[in-house]
Amino acid sequence: DDLRHEGDLPLFSKFNQNSVADMWDNCLSFNVTHTGGGKKMYQCVAVGNNLSKAFGKDLKDRYVSSADKRVLPGANLMESLDSSVDSKVFVLSAGQFVNSDNKIVKYRDCVMPFTNFEGLVTNLVVGISWKAL
C-alpha cells in the first residue's frame, strides 16, 4: 500500500526488496513481456535461496509462459501469474508439484503485480511458502 501510485498498482521503480528482506529467500521476481494477442512471457530475474531448494533447480534467467507450463513447477502458480497480470490484482493460490528430487512440494503463493507509469504490468513479485514431503 505504501508504494501505490494514486490508488493504482504500485510502480516497480519504487519497489525496494529491502522492505521484504526477512522473506526475500522465499520470493521470486519476474519481468513481464507482453508479446501480443494477450500472451505473456515471464523472465525469472531473482530466486530466493529457499525456493531453489523447493524447485530442485535454478530458475534464474529462465523464461516461462502459459504455453509451456513445464518450466515452472506448479501449474497453479503459472495460472496465478497470468491472472495477476490480466486482472491487475494481488492473487493468492495453492498447489503441489513433484520437484527434480522426486519430492512432493506443497505450496502457497501470493503474487503482487507492479506497473510502469503507463499502467502496464511489467513485473511480478511472488512470495511462496512450501513444504517438501
# chains A, B, ... in the order shown; residues from 1 in each chain; ligands from 1
$ residues_around --residues "Ser65 of chain A" --least-positions-apart "6" --cutoff "7 Å" --atoms "only C-alpha atoms" --output "PyMOL selection string"
chain A and resi 40-42
$ select_by_dssp --residues "segment 13-128 of chain A" --states "strand (DSSP E)" --output "MDAnalysis selection string"
chainID A and resid 27:36 39:47 63:65 91:98 104:115 121:128
$ select_by_dssp --residues "segment 50-102 of chain A" --states "helix (DSSP H, G or I)" --output "list in words"
Asn50, Leu51, Ser52, Lys53, Ala54, Phe55, Ala75, Asn76, Leu77, Met78, Glu79, Ser80, Leu81, Asp82, Ser83, Ser84, Val85, Asp86 and Ser87 of chain A
$ closest_residue --among "A:Ala54, A:Gly38, A:Ser13, A:Ser80" --to "Asp25 of chain A" --atoms "only C-alpha atoms"
A:Ala54
$ residues_around --residues "Lys39 of chain A" --least-positions-apart "2" --cutoff "12 Å" --atoms "only C-alpha atoms" --output "list in words"
Val32, Thr33, His34, Thr35, Gly36, Gly37, Met41, Tyr42, Val64, Ser65, Ser66, Ala67, Asp68, Leu81, Asp82, Ser83, Val85 and Asp86 of chain A
$ residues_around --residues "segment 97-114 of chain A" --least-positions-apart "3" --cutoff "9 Å" --atoms "only C-alpha atoms" --output "JSON, numbers by chain"
{"A": [9, 10, 11, 12, 13, 15, 54, 55, 56, 57, 73, 74, 75, 77, 80, 81, 84, 85, 88, 89, 90, 91, 92, 93, 94, 119, 120, 121, 122, 123, 124, 125, 126, 127, 128, 129, 130, 131, 132, 133]}
